[in-house]
Every structure is written in C-alpha cells, then in structure tokens.
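A.B. asks: start39.cif is the file, holding mmCIF, C-alpha atoms:
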```cif
data_coords
loop_
_atom_site.group_PDB
_atom_site.id
_atom_site.type_symbol
_atom_site.label_atom_id
_atom_site.label_comp_id
_atom_site.auth_asym_id
_atom_site.auth_seq_id
_atom_site.Cartn_x
_atom_site.Cartn_y
_atom_site.Cartn_z
ATOM 1 C CA MET F 22 111.730 128.470 98.216
ATOM 2 C CA ASN F 23 112.882 129.119 101.770
ATOM 3 C CA ASP F 24 111.800 132.041 103.914
ATOM 4 C CA LEU F 25 114.511 134.521 102.949
ATOM 5 C CA THR F 26 113.796 136.874 105.877
ATOM 6 C CA THR F 27 115.368 134.321 108.245
ATOM 7 C CA LEU F 28 118.679 134.195 106.314
ATOM 8 C CA SER F 29 121.780 136.330 106.814
ATOM 9 C CA VAL F 30 124.942 136.723 104.768
ATOM 10 C CA GLY F 31 127.561 134.281 106.043
ATOM 11 C CA ASP F 32 125.081 131.678 107.351
ATOM 12 C CA THR F 33 126.235 128.135 106.608
ATOM 13 C CA ILE F 34 123.265 126.346 105.073
ATOM 14 C CA LEU F 35 124.857 123.021 104.170
ATOM 15 C CA THR F 36 127.911 120.898 104.746
ATOM 16 C CA GLU F 37 128.084 117.621 102.863
ATOM 17 C CA GLU F 38 130.541 114.901 102.025
ATOM 18 C CA ILE F 39 129.878 113.529 98.539
ATOM 19 C CA PRO F 40 131.451 110.134 97.740
ATOM 20 C CA LEU F 41 132.891 109.304 94.316
ATOM 21 C CA SER F 42 133.762 105.951 92.761
ATOM 22 C CA ARG F 43 134.844 104.716 89.338
ATOM 23 C CA ALA F 44 131.211 103.669 88.861
ATOM 24 C CA SER F 45 130.147 107.308 89.414
ATOM 25 C CA LEU F 46 132.350 108.347 86.492
ATOM 26 C CA ILE F 47 130.992 105.646 84.174
ATOM 27 C CA ASP F 48 127.404 106.525 85.128
ATOM 28 C CA TYR F 49 128.085 110.194 84.409
ATOM 29 C CA ALA F 50 129.767 109.411 81.081
ATOM 30 C CA ALA F 51 126.680 107.460 80.006
ATOM 31 C CA ALA F 52 124.181 110.058 81.220
ATOM 32 C CA SER F 53 126.050 113.085 79.848
ATOM 33 C CA GLY F 54 127.527 111.682 76.641
ATOM 34 C CA ASP F 55 131.012 112.815 77.759
ATOM 35 C CA HIS F 56 133.121 109.738 76.998
ATOM 36 C CA ASN F 57 136.572 111.339 77.253
ATOM 37 C CA PRO F 58 138.882 108.420 78.201
ATOM 38 C CA ILE F 59 140.701 110.470 80.888
ATOM 39 C CA HIS F 60 137.603 109.660 82.971
ATOM 40 C CA TRP F 61 137.818 105.869 82.615
ATOM 41 C CA SER F 62 141.188 104.695 81.240
ATOM 42 C CA GLU F 63 144.128 104.800 83.663
ATOM 43 C CA ARG F 64 146.588 104.151 80.820
ATOM 44 C CA PHE F 65 145.250 106.985 78.673
ATOM 45 C CA ALA F 66 145.022 109.409 81.599
ATOM 46 C CA THR F 67 148.662 108.859 82.563
ATOM 47 C CA GLU F 68 149.791 109.042 78.906
ATOM 48 C CA VAL F 69 148.371 112.572 78.667
ATOM 49 C CA GLY F 70 150.178 113.625 81.842
ATOM 50 C CA LEU F 71 147.574 113.157 84.563
ATOM 51 C CA ASP F 72 148.303 111.265 87.787
ATOM 52 C CA GLY F 73 145.428 108.897 87.007
ATOM 53 C CA VAL F 74 141.746 108.820 86.102
ATOM 54 C CA ILE F 75 139.997 112.035 87.119
ATOM 55 C CA ALA F 76 136.339 112.929 87.617
ATOM 56 C CA HIS F 77 134.598 115.027 84.964
ATOM 57 C CA GLY F 78 134.682 118.629 86.205
ATOM 58 C CA MET F 79 131.043 118.770 85.158
ATOM 59 C CA LEU F 80 130.269 115.776 87.410
ATOM 60 C CA SER F 81 131.674 117.638 90.430
ATOM 61 C CA MET F 82 129.701 120.716 89.383
ATOM 62 C CA ALA F 83 126.496 118.661 89.130
ATOM 63 C CA LEU F 84 127.011 116.763 92.414
ATOM 64 C CA VAL F 85 127.557 120.001 94.325
ATOM 65 C CA VAL F 86 124.378 121.721 93.153
ATOM 66 C CA ALA F 87 122.057 118.770 93.888
ATOM 67 C CA PRO F 88 121.908 119.225 97.691
ATOM 68 C CA ILE F 89 121.636 122.997 97.211
ATOM 69 C CA ALA F 90 118.656 122.491 94.882
ATOM 70 C CA ASP F 91 117.118 120.216 97.540
ATOM 71 C CA TRP F 92 117.670 122.900 100.166
ATOM 72 C CA LEU F 93 115.965 125.478 97.921
ATOM 73 C CA GLY F 94 113.007 123.107 97.470
ATOM 74 C CA ASP F 95 112.687 123.875 93.746
ATOM 75 C CA PRO F 96 115.638 123.196 91.400
ATOM 76 C CA GLY F 97 113.927 125.490 88.886
ATOM 77 C CA ALA F 98 114.485 128.446 91.237
ATOM 78 C CA ILE F 99 118.176 128.448 90.249
ATOM 79 C CA VAL F 100 118.743 131.210 87.694
ATOM 80 C CA ASP F 101 122.535 131.149 87.494
ATOM 81 C CA TYR F 102 125.227 128.646 88.436
ATOM 82 C CA ARG F 103 128.922 129.166 87.806
ATOM 83 C CA THR F 104 132.246 127.681 88.829
ATOM 84 C CA ARG F 105 135.912 127.423 87.928
ATOM 85 C CA PHE F 106 137.720 124.095 87.772
ATOM 86 C CA SER F 107 140.836 124.743 89.824
ATOM 87 C CA ALA F 108 142.220 121.241 90.426
ATOM 88 C CA PRO F 109 141.484 117.728 89.125
ATOM 89 C CA VAL F 110 139.784 115.134 91.357
ATOM 90 C CA LEU F 111 141.616 111.801 91.186
ATOM 91 C CA VAL F 112 139.308 108.776 91.452
ATOM 92 C CA PRO F 113 141.331 105.560 91.812
ATOM 93 C CA ASP F 114 139.841 102.147 91.129
ATOM 94 C CA ALA F 115 138.778 100.282 94.267
ATOM 95 C CA GLU F 116 141.478 97.838 95.410
ATOM 96 C CA SER F 117 139.047 94.936 95.287
ATOM 97 C CA GLY F 118 135.391 94.169 94.901
ATOM 98 C CA SER F 119 132.805 96.477 93.404
ATOM 99 C CA PRO F 120 133.963 99.473 91.313
ATOM 100 C CA ALA F 121 131.090 101.324 93.001
ATOM 101 C CA THR F 122 133.110 101.411 96.260
ATOM 102 C CA PRO F 123 133.899 105.088 96.923
ATOM 103 C CA THR F 124 137.610 105.949 96.621
ATOM 104 C CA ALA F 125 137.392 109.749 96.734
ATOM 105 C CA SER F 126 135.028 112.379 98.010
ATOM 106 C CA LEU F 127 134.125 116.024 97.670
ATOM 107 C CA THR F 128 133.398 118.179 100.689
ATOM 108 C CA LEU F 129 130.886 120.933 100.161
ATOM 109 C CA GLU F 130 130.262 123.908 102.387
ATOM 110 C CA ALA F 131 127.537 126.288 101.205
ATOM 111 C CA LYS F 132 126.973 129.732 102.685
ATOM 112 C CA ILE F 133 124.661 132.633 102.022
ATOM 113 C CA GLY F 134 126.618 135.112 99.874
ATOM 114 C CA ALA F 135 123.820 137.640 99.416
ATOM 115 C CA VAL F 136 120.125 137.812 100.175
ATOM 116 C CA ASP F 137 117.397 140.265 99.200
ATOM 117 C CA ALA F 138 114.152 139.164 100.839
ATOM 118 C CA GLU F 139 112.150 141.939 99.179
ATOM 119 C CA ALA F 140 113.306 141.051 95.666
ATOM 120 C CA GLY F 141 113.149 137.332 96.510
ATOM 121 C CA THR F 142 116.720 136.687 95.395
ATOM 122 C CA LEU F 143 119.530 134.764 96.989
ATOM 123 C CA ARG F 144 123.178 134.010 96.237
ATOM 124 C CA ILE F 145 124.810 130.909 97.683
ATOM 125 C CA ASP F 146 128.609 130.625 97.696
ATOM 126 C CA ALA F 147 130.031 127.114 97.799
ATOM 127 C CA THR F 148 133.463 125.881 98.830
ATOM 128 C CA VAL F 149 134.352 122.519 97.305
ATOM 129 C CA ARG F 150 137.400 120.480 98.287
ATOM 130 C CA ALA F 151 138.787 117.035 97.613
ATOM 131 C CA GLY F 152 141.140 116.311 100.490
ATOM 132 C CA GLU F 153 143.184 119.485 101.025
ATOM 133 C CA SER F 154 142.778 120.924 97.536
ATOM 134 C CA GLU F 155 140.088 123.333 96.441
ATOM 135 C CA VAL F 156 138.786 121.670 93.269
ATOM 136 C CA LEU F 157 136.046 124.130 92.355
ATOM 137 C CA SER F 158 136.506 127.827 92.988
ATOM 138 C CA ARG F 159 134.356 130.961 92.814
ATOM 139 C CA THR F 160 131.311 128.710 92.894
ATOM 140 C CA GLN F 161 128.086 130.694 93.030
ATOM 141 C CA ILE F 162 124.421 129.741 92.777
ATOM 142 C CA ARG F 163 121.828 132.455 92.283
ATOM 143 C CA ALA F 164 118.178 131.729 92.943
ATOM 144 C CA ALA F 165 115.028 133.777 92.517
ATOM 145 C CA ARG F 166 111.446 133.208 93.553
ATOM 146 C CA MET N 19 148.760 123.190 64.020
ATOM 147 C CA PRO N 20 148.223 125.858 66.674
ATOM 148 C CA VAL N 21 144.794 127.032 67.790
ATOM 149 C CA ASN N 22 143.323 129.240 65.067
ATOM 150 C CA THR N 23 142.560 132.692 66.486
ATOM 151 C CA ASP N 24 140.690 133.574 63.278
ATOM 152 C CA LYS N 25 137.810 131.429 64.575
ATOM 153 C CA GLN N 26 136.914 134.114 67.115
ATOM 154 C CA GLY N 27 133.415 135.278 66.178
ATOM 155 C CA ALA N 28 132.490 132.013 64.419
ATOM 156 C CA SER N 29 129.213 130.204 65.251
ATOM 157 C CA TYR N 30 128.179 126.564 65.106
ATOM 158 C CA SER N 31 124.609 125.264 65.435
ATOM 159 C CA LEU N 32 123.211 121.846 66.284
ATOM 160 C CA PRO N 33 122.097 120.263 62.997
ATOM 161 C CA ARG N 34 118.729 119.268 64.491
ATOM 162 C CA PRO N 35 116.927 120.002 67.765
ATOM 163 C CA TYR N 36 117.714 118.003 70.916
ATOM 164 C CA GLU N 37 114.527 116.356 72.184
ATOM 165 C CA VAL N 38 114.419 116.235 75.989
ATOM 166 C CA SER N 39 112.987 112.960 77.294
ATOM 167 C CA ARG N 40 111.859 111.991 80.789
ATOM 168 C CA GLU N 41 114.274 109.057 80.550
ATOM 169 C CA ALA N 42 117.299 111.276 79.807
ATOM 170 C CA ILE N 43 116.379 113.569 82.709
ATOM 171 C CA ALA N 44 115.970 110.620 85.091
ATOM 172 C CA GLU N 45 119.282 109.059 84.019
ATOM 173 C CA PHE N 46 121.158 112.362 84.399
ATOM 174 C CA ALA N 47 119.506 113.032 87.778
ATOM 175 C CA HIS N 48 120.439 109.537 88.968
ATOM 176 C CA ALA N 49 124.076 109.985 87.858
ATOM 177 C CA THR N 50 124.435 113.366 89.568
ATOM 178 C CA GLY N 51 122.782 112.790 92.948
ATOM 179 C CA ALA N 52 119.783 114.949 92.052
ATOM 180 C CA GLY N 53 117.173 113.139 94.098
ATOM 181 C CA ALA N 54 114.343 115.703 94.010
ATOM 182 C CA SER N 55 111.077 114.063 92.934
ATOM 183 C CA CYS N 56 110.424 116.788 90.321
ATOM 184 C CA HIS N 57 113.136 115.130 88.175
ATOM 185 C CA PHE N 58 111.318 111.765 88.163
ATOM 186 C CA ASP N 59 107.630 112.350 88.830
ATOM 187 C CA ALA N 60 105.498 114.596 86.589
ATOM 188 C CA GLU N 61 102.959 115.111 89.398
ATOM 189 C CA ALA N 62 105.667 116.344 91.764
ATOM 190 C CA ALA N 63 106.871 118.718 89.031
ATOM 191 C CA ALA N 64 103.285 119.891 88.433
ATOM 192 C CA ALA N 65 102.996 120.714 92.148
ATOM 193 C CA LEU N 66 105.874 123.164 91.619
ATOM 194 C CA GLY N 67 104.141 124.621 88.557
ATOM 195 C CA TYR N 68 105.952 122.805 85.738
ATOM 196 C CA ALA N 69 104.332 121.127 82.727
ATOM 197 C CA ASP N 70 106.423 117.948 83.137
ATOM 198 C CA VAL N 71 109.542 116.719 84.960
ATOM 199 C CA ILE N 72 112.318 119.331 84.989
ATOM 200 C CA ALA N 73 115.978 118.723 84.296
ATOM 201 C CA PRO N 74 118.688 119.035 86.962
ATOM 202 C CA THR N 75 120.614 122.329 86.893
ATOM 203 C CA THR N 76 123.549 121.213 84.742
ATOM 204 C CA PHE N 77 121.589 118.998 82.298
ATOM 205 C CA ALA N 78 122.025 121.712 79.635
ATOM 206 C CA VAL N 79 125.686 120.712 79.385
ATOM 207 C CA ILE N 80 124.619 117.687 77.300
ATOM 208 C CA ILE N 81 123.204 119.973 74.638
ATOM 209 C CA ALA N 82 125.948 122.597 75.003
ATOM 210 C CA GLN N 83 128.735 120.026 74.586
ATOM 211 C CA LYS N 84 127.059 118.564 71.479
ATOM 212 C CA SER N 85 126.962 122.032 69.993
ATOM 213 C CA GLU N 86 130.502 122.975 71.156
ATOM 214 C CA SER N 87 131.884 119.761 69.671
ATOM 215 C CA ALA N 88 131.113 121.033 66.157
ATOM 216 C CA TYR N 89 133.648 123.799 66.837
ATOM 217 C CA ILE N 90 136.183 121.719 68.752
ATOM 218 C CA THR N 91 136.267 118.993 66.083
ATOM 219 C CA ASP N 92 136.349 121.465 63.165
ATOM 220 C CA PRO N 93 139.805 120.833 61.609
ATOM 221 C CA GLU N 94 140.089 124.588 61.036
ATOM 222 C CA SER N 95 139.788 125.291 64.785
ATOM 223 C CA GLY N 96 143.269 123.814 65.351
ATOM 224 C CA ILE N 97 142.197 122.274 68.683
ATOM 225 C CA ASP N 98 143.865 119.026 69.811
ATOM 226 C CA PHE N 99 141.127 117.592 72.053
ATOM 227 C CA SER N 100 143.655 115.480 73.998
ATOM 228 C CA LYS N 101 145.185 118.752 75.254
ATOM 229 C CA VAL N 102 141.931 120.390 76.330
ATOM 230 C CA VAL N 103 141.393 121.231 80.015
ATOM 231 C CA HIS N 104 138.069 122.616 81.219
ATOM 232 C CA GLY N 105 138.530 126.044 82.835
ATOM 233 C CA SER N 106 135.099 127.254 83.881
ATOM 234 C CA GLU N 107 131.397 126.816 83.263
ATOM 235 C CA GLN N 108 128.332 128.988 83.763
ATOM 236 C CA PHE N 109 124.616 128.388 83.262
ATOM 237 C CA SER N 110 122.265 131.386 83.072
ATOM 238 C CA PHE N 111 118.639 130.361 82.963
ATOM 239 C CA THR N 112 115.592 132.049 81.519
ATOM 240 C CA ARG N 113 113.588 128.979 82.562
ATOM 241 C CA PRO N 114 114.329 125.373 83.565
ATOM 242 C CA ILE N 115 114.493 122.651 80.895
ATOM 243 C CA VAL N 116 111.298 120.538 80.891
ATOM 244 C CA ALA N 117 110.700 117.065 79.417
ATOM 245 C CA GLY N 118 109.207 117.448 75.962
ATOM 246 C CA ASP N 119 111.331 120.480 75.091
ATOM 247 C CA ARG N 120 112.817 120.509 71.589
ATOM 248 C CA LEU N 121 115.941 122.572 72.068
ATOM 249 C CA ARG N 122 118.099 124.320 69.501
ATOM 250 C CA ALA N 123 121.638 125.411 70.275
ATOM 251 C CA THR N 124 124.135 127.772 68.706
ATOM 252 C CA THR N 125 127.699 128.004 70.009
ATOM 253 C CA HIS N 126 129.439 131.342 69.559
ATOM 254 C CA VAL N 127 133.238 131.439 69.777
ATOM 255 C CA ASP N 128 133.516 134.616 71.862
ATOM 256 C CA GLY N 129 137.232 134.568 72.569
ATOM 257 C CA VAL N 130 140.371 132.797 71.385
ATOM 258 C CA ARG N 131 143.595 134.123 72.853
ATOM 259 C CA ALA N 132 147.094 132.907 73.441
ATOM 260 C CA ALA N 133 148.259 132.665 77.065
ATOM 261 C CA GLY N 134 151.930 131.710 76.954
ATOM 262 C CA THR N 135 152.166 128.389 75.121
ATOM 263 C CA ASN N 136 148.485 127.711 75.884
ATOM 264 C CA ALA N 137 145.336 129.016 74.266
ATOM 265 C CA MET N 138 142.276 130.076 76.243
ATOM 266 C CA ILE N 139 138.929 129.783 74.476
ATOM 267 C CA THR N 140 135.552 131.100 75.601
ATOM 268 C CA THR N 141 132.389 129.729 74.016
ATOM 269 C CA ARG N 142 128.801 130.820 74.642
ATOM 270 C CA THR N 143 126.031 128.423 73.692
ATOM 271 C CA GLU N 144 122.559 129.910 73.397
ATOM 272 C CA ILE N 145 119.900 127.239 73.940
ATOM 273 C CA THR N 146 116.405 128.124 72.749
ATOM 274 C CA ASP N 147 113.105 126.272 72.504
ATOM 275 C CA ASP N 148 110.998 125.363 69.484
ATOM 276 C CA ALA N 149 109.517 128.875 69.473
ATOM 277 C CA GLU N 150 113.116 130.232 69.526
ATOM 278 C CA ALA N 151 112.519 131.684 73.000
ATOM 279 C CA PRO N 152 115.634 131.660 75.236
ATOM 280 C CA VAL N 153 115.955 128.834 77.779
ATOM 281 C CA VAL N 154 119.552 128.839 79.040
ATOM 282 C CA THR N 155 122.931 130.298 78.084
ATOM 283 C CA VAL N 156 125.958 128.086 78.732
ATOM 284 C CA THR N 157 129.337 129.832 78.861
ATOM 285 C CA SER N 158 132.421 127.658 78.926
ATOM 286 C CA THR N 159 136.129 128.331 78.969
ATOM 287 C CA ILE N 160 138.662 125.723 77.925
ATOM 288 C CA VAL N 161 142.437 125.809 77.971
ATOM 289 C CA VAL N 162 144.305 124.072 75.164
ATOM 290 C CA ARG N 163 147.753 123.183 76.487
ATOM 291 C CA GLY N 164 150.662 124.037 74.216
ATOM 292 C CA ASP N 165 153.426 121.614 73.231
ATOM 293 C CA ALA N 166 155.778 122.956 75.902
ATOM 294 C CA ALA N 167 153.302 122.087 78.664
#
```
Once you've parsed the file, please lay out its structure as structure tokens.
C.D. replies:
Amino acid sequence: MNDLTTLSVGDTILTEEIPLSRASLIDYAAASGDHNPIHWSERFATEVGLDGVIAHGMLSMALVVAPIADWLGDPGAIVDYRTRFSAPVLVPDAESGSPATPTASLTLEAKIGAVDAEAGTLRIDATVRAGESEVLSRTQIRAAR
Amino acid sequence: MPVNTDKQGASYSLPRPYEVSREAIAEFAHATGAGASCHFDAEAAAALGYADVIAPTTFAVIIAQKSESAYITDPESGIDFSKVVHGSEQFSFTRPIVAGDRLRATTHVDGVRAAGTNAMITTRTEITDDAEAPVVTVTSTIVVRGDAA
C-alpha cells in the first residue's frame, strides 16, 4: 500500500472517466449472474417506468473501485466498501455499428477522507457522476495495511 | 400482496457452497475493469501474500445475490421483483476472496419497513469459508415500489 505519511485529508488521488456501453452491461450480466432485463431490454425497461436500459448499480460500484484498488496496489487491502445508488445510469444502444461503442460514462473523483499513518488505515471518499447527476452517493472505501 | 413485514428476522442459506474458480474471478475482473494482475495471475497474487488469485472487491455480490434471491423469490416475502430498486450496498471484509474458496452464505432479513407506499428492506449476508470462518459481510438495502408509484 502507499506511503500514508505523504497523504493529507482532502487530497485528490484520482480522477477518471469510465466509459459504458451496452456490451458492458451484457458482460456484467454474464459475469455476475444478474440477468434482470432492465439492463438489456429497452422494451421491458420502459414498461416498468424507466427512461430506457440502465446500468446495474453494482456494475457502477465495481467500475469505480477498480482504479482505486490499482492506486492502493493491493485490492485485498480494502476492508470496507459502501455506496448508495442515488440515480440510474441510462446506457442507450449505439446508433450504429458495434454495441461495444460507449454511449455513457461515469466520472470518478476520489479524495482522501481520513488517514491514520500510525494505524495504517485510510478512508477514500469518491464522487461519482453520470453527466450532471450524482449516481452513487456517500461512497467510501476503507483500506488497512 | 404487499411486502410481508413478518419476514423480518428470517434467514435463508445457500443450499450448497459456492466454489470460487479462477475463471469466474477472471471473467468478473474483465467485466468490471479490474485490471490488477493479482486477479489473473497466481504468481502476482502470491507476491502480495495470497494463496491464489484474489477476487475483485465486489465479487462477493455474486454469492450474496444468490443467497438473497431465496428470500426475494419466497412467495411469502410478498416481493414483486419487477418493482425492486437497489438502494445501497456495503461489503465489510475479514479477508479477500481467493480462488479455491468454498463459500457458504446466510442472508438475514434485518429490516422490513413501510415507507409511504414503498417498502424498504435491509438484508445482511454473512459469507463464511469451509471452516465457517468469516470472509465478508454484504449488507444491501432494496426499495420495493408500491402500486401508487
């Protein structure tokens, strides 16, 4: 894990733009076993009152923690990860060509929320938006050496 | 049928352990942008002190959702899955999940309460290894939208 003595509360450690496509949703459905049709059928999604196909909240949660785990150097250092799903992320089909063409994206900004170099513990607070809307809220990652 | 508040306190267990494979870890890592070599390469994981490749942070949701589904699909729970919205999720780790783990899971229905026409449900899934030692606790809240929504 990183040298915690060099970190201060409020430091921005990462900013990332994470692309999403319809193919991302299908890949996640297969890998996770979550085959809810709101994540792949436009007709079904609109029938249940959504504006269209949306990303799995758990896909957004997973995509956000990956670069943070990379930054930590050891994904196993994460001892707690929590978030709230505050708004859906619409992922339209690409207008033409490959369904792997990104049609939406998440923006991640991760900051140091707390650090205790002596105890070897760290809290990272993440802000996650899709366009103007905050899609994950109160997102916190705790890590320990 | 409305959501059954009498289910608060009920528990549901996976009928058999979930066996964690290197392939499942690699597929989940690929689908979630988790590019660290310790998810794909046992030697890279060993360099970090792990017995085999380790799972990405949210991999436990696969096991938790299998266990939760026993509750959600129980006709007595009164949950219409087409009206379920995910509210929040939390993973609290004792240790990372490692390929080769045989994991057991028990979902506890910690809270079922009405919120207007909706119901808010909190489940806590305790995931343990073959020796019944704790691995990760997955806490999830879902909102079941009422007919007026």
A.B. asks: Enumerate, in order of chain and increasing residue number, the residues of chain F with an atom no farther than 8 Å from chain N, each with its shortest atom pair and distance in Å to one decimal, counting only C-alpha atoms, as a Markdown table.
C.D. replies:
```
| residue | atom | partner | partner_atom | distance |
| --- | --- | --- | --- | --- |
| F:Ser45 | CA | N:Ala49 | CA | 6.8 |
| F:Asp48 | CA | N:Ala49 | CA | 5.5 |
| F:Tyr49 | CA | N:Ala49 | CA | 5.3 |
| F:Ala52 | CA | N:Phe46 | CA | 5.0 |
| F:Ser53 | CA | N:Ile80 | CA | 5.5 |
| F:Gly54 | CA | N:Ile80 | CA | 6.7 |
| F:Val69 | CA | N:Ser100 | CA | 7.2 |
| F:Gly78 | CA | N:His104 | CA | 7.2 |
| F:Met79 | CA | N:Thr76 | CA | 7.9 |
| F:Leu80 | CA | N:Thr50 | CA | 6.7 |
| F:Met82 | CA | N:Thr76 | CA | 7.7 |
| F:Ala83 | CA | N:Thr50 | CA | 5.7 |
| F:Leu84 | CA | N:Thr50 | CA | 5.1 |
| F:Val86 | CA | N:Thr75 | CA | 7.3 |
| F:Ala87 | CA | N:Ala52 | CA | 4.8 |
| F:Pro88 | CA | N:Ala52 | CA | 7.4 |
| F:Asp91 | CA | N:Ala54 | CA | 6.4 |
| F:Asp95 | CA | N:Leu66 | CA | 7.2 |
| F:Pro96 | CA | N:Thr75 | CA | 6.8 |
| F:Gly97 | CA | N:Pro114 | CA | 5.3 |
| F:Ile99 | CA | N:Thr75 | CA | 7.4 |
| F:Val100 | CA | N:Phe111 | CA | 4.8 |
| F:Asp101 | CA | N:Ser110 | CA | 4.4 |
| F:Tyr102 | CA | N:Phe109 | CA | 5.2 |
| F:Arg103 | CA | N:Gln108 | CA | 4.1 |
| F:Thr104 | CA | N:Glu107 | CA | 5.7 |
| F:Arg105 | CA | N:Ser106 | CA | 4.1 |
| F:Phe106 | CA | N:Gly105 | CA | 5.4 |
| F:Ser107 | CA | N:Gly105 | CA | 7.5 |
```
A.B. asks: For this file, the PyMOL selection byres ((chain N and resi 20-33) around 8) selects which residues, as a list in words?
C.D. replies: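 Applied to this file, the PyMOL selection byres ((chain N and resi 20-33) around 8) returns Met19, Arg34, Pro35, Lys84, Ser85, Glu86, Ala88, Tyr89, Glu94, Ser95, Gly96, Ile97, Arg122, Ala123, Thr124, Thr125, His126, Val127, Asp128, Gly129, Val130, Arg131, Ala137 and Val162 of chain N.
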A.B. asks: Quick one: residues within 7 Å of stretch 147-149 of chain N, all atoms listed in the file, excluding same-chain residues fewer than 5 positions away - as JSON, numbers by chain?
C.D. replies: {"N": [119, 120, 121, 122]}
A.B. asks: Name every residue that the PyMOL selection byres ((chain F and resi 42) around 8) selects in this structure, writing the answer as a ChimeraX atom specification with chains first and numbers rising.
C.D. replies: /F:40-41,43-46,112-115,120-125
A.B. asks: What is the distance, in Å and to one decimal place, between atom CA of N:Ala60 and atom CA of F:Val85?
C.D. replies: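 Computing the Euclidean distance for atom CA of N:Ala60 and atom CA of F:Val85 yields 24.0 Å.
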A.B. asks: For this file, the PyMOL selection byres ((chain F and resi 135-137) around 9) selects which residues, as a list in words?
C.D. replies: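 When the PyMOL selection byres ((chain F and resi 135-137) around 9) is applied, the selected residues are Leu25, Thr26, Leu28, Ser29, Val30, Gly31, Ile133, Gly134, Ala138, Glu139, Ala140, Gly141, Thr142, Leu143, Arg144, Ile145 and Asp146 of chain F.
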A.B. asks: Please, which residues are within 6 Å of (137.4, 116.4, 86.5) by the file's coordinates, counting only C-alpha atoms, and could they come as an MDAnalysis selection string?
C.D. replies: chainID F and resid 75:78 109:110
A.B. asks: Between F:Ala98, F:Ala51, F:Ala165, F:Val149, which one has atoms that come closest to F:Ser81, using only C-alpha atoms?
C.D. replies: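 Using only C-alpha atoms, F:Ser81 sits closest to F:Val149.
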A.B. asks: Quick one: distance from atom CA of F:Arg166 to atom CA of F:Met22 in Å, one decimal?
C.D. replies: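 Straight-line distance from atom CA of F:Arg166 to atom CA of F:Met22 works out to 6.7 Å.
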A.B. asks: Quote the spacing between atom CA of N:Asp98 and atom CA of F:Pro58 in Å to one decimal place.
C.D. replies: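 Going from atom CA of N:Asp98 over to atom CA of F:Pro58, I get 14.4 Å.
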A.B. asks: As JSON, what would the box around stretch 128-133 of chain N look like: edges along x, y and z, 6 Å added on every side, centre and edge lengths in Å to one decimal?
C.D. replies:
```
{"center_x": 140.9, "center_y": 133.6, "center_z": 74.2, "size_x": 26.7, "size_y": 14.0, "size_z": 17.7}
```
A.B. asks: Using all atoms listed in the file, pick whichever of N:Val153, N:Val38, N:Met138, N:Ala132 has the shortest atom-to-atom distance to N:Val102.
C.D. replies: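 The shortest atom-to-atom distance to N:Val102 comes from N:Met138.
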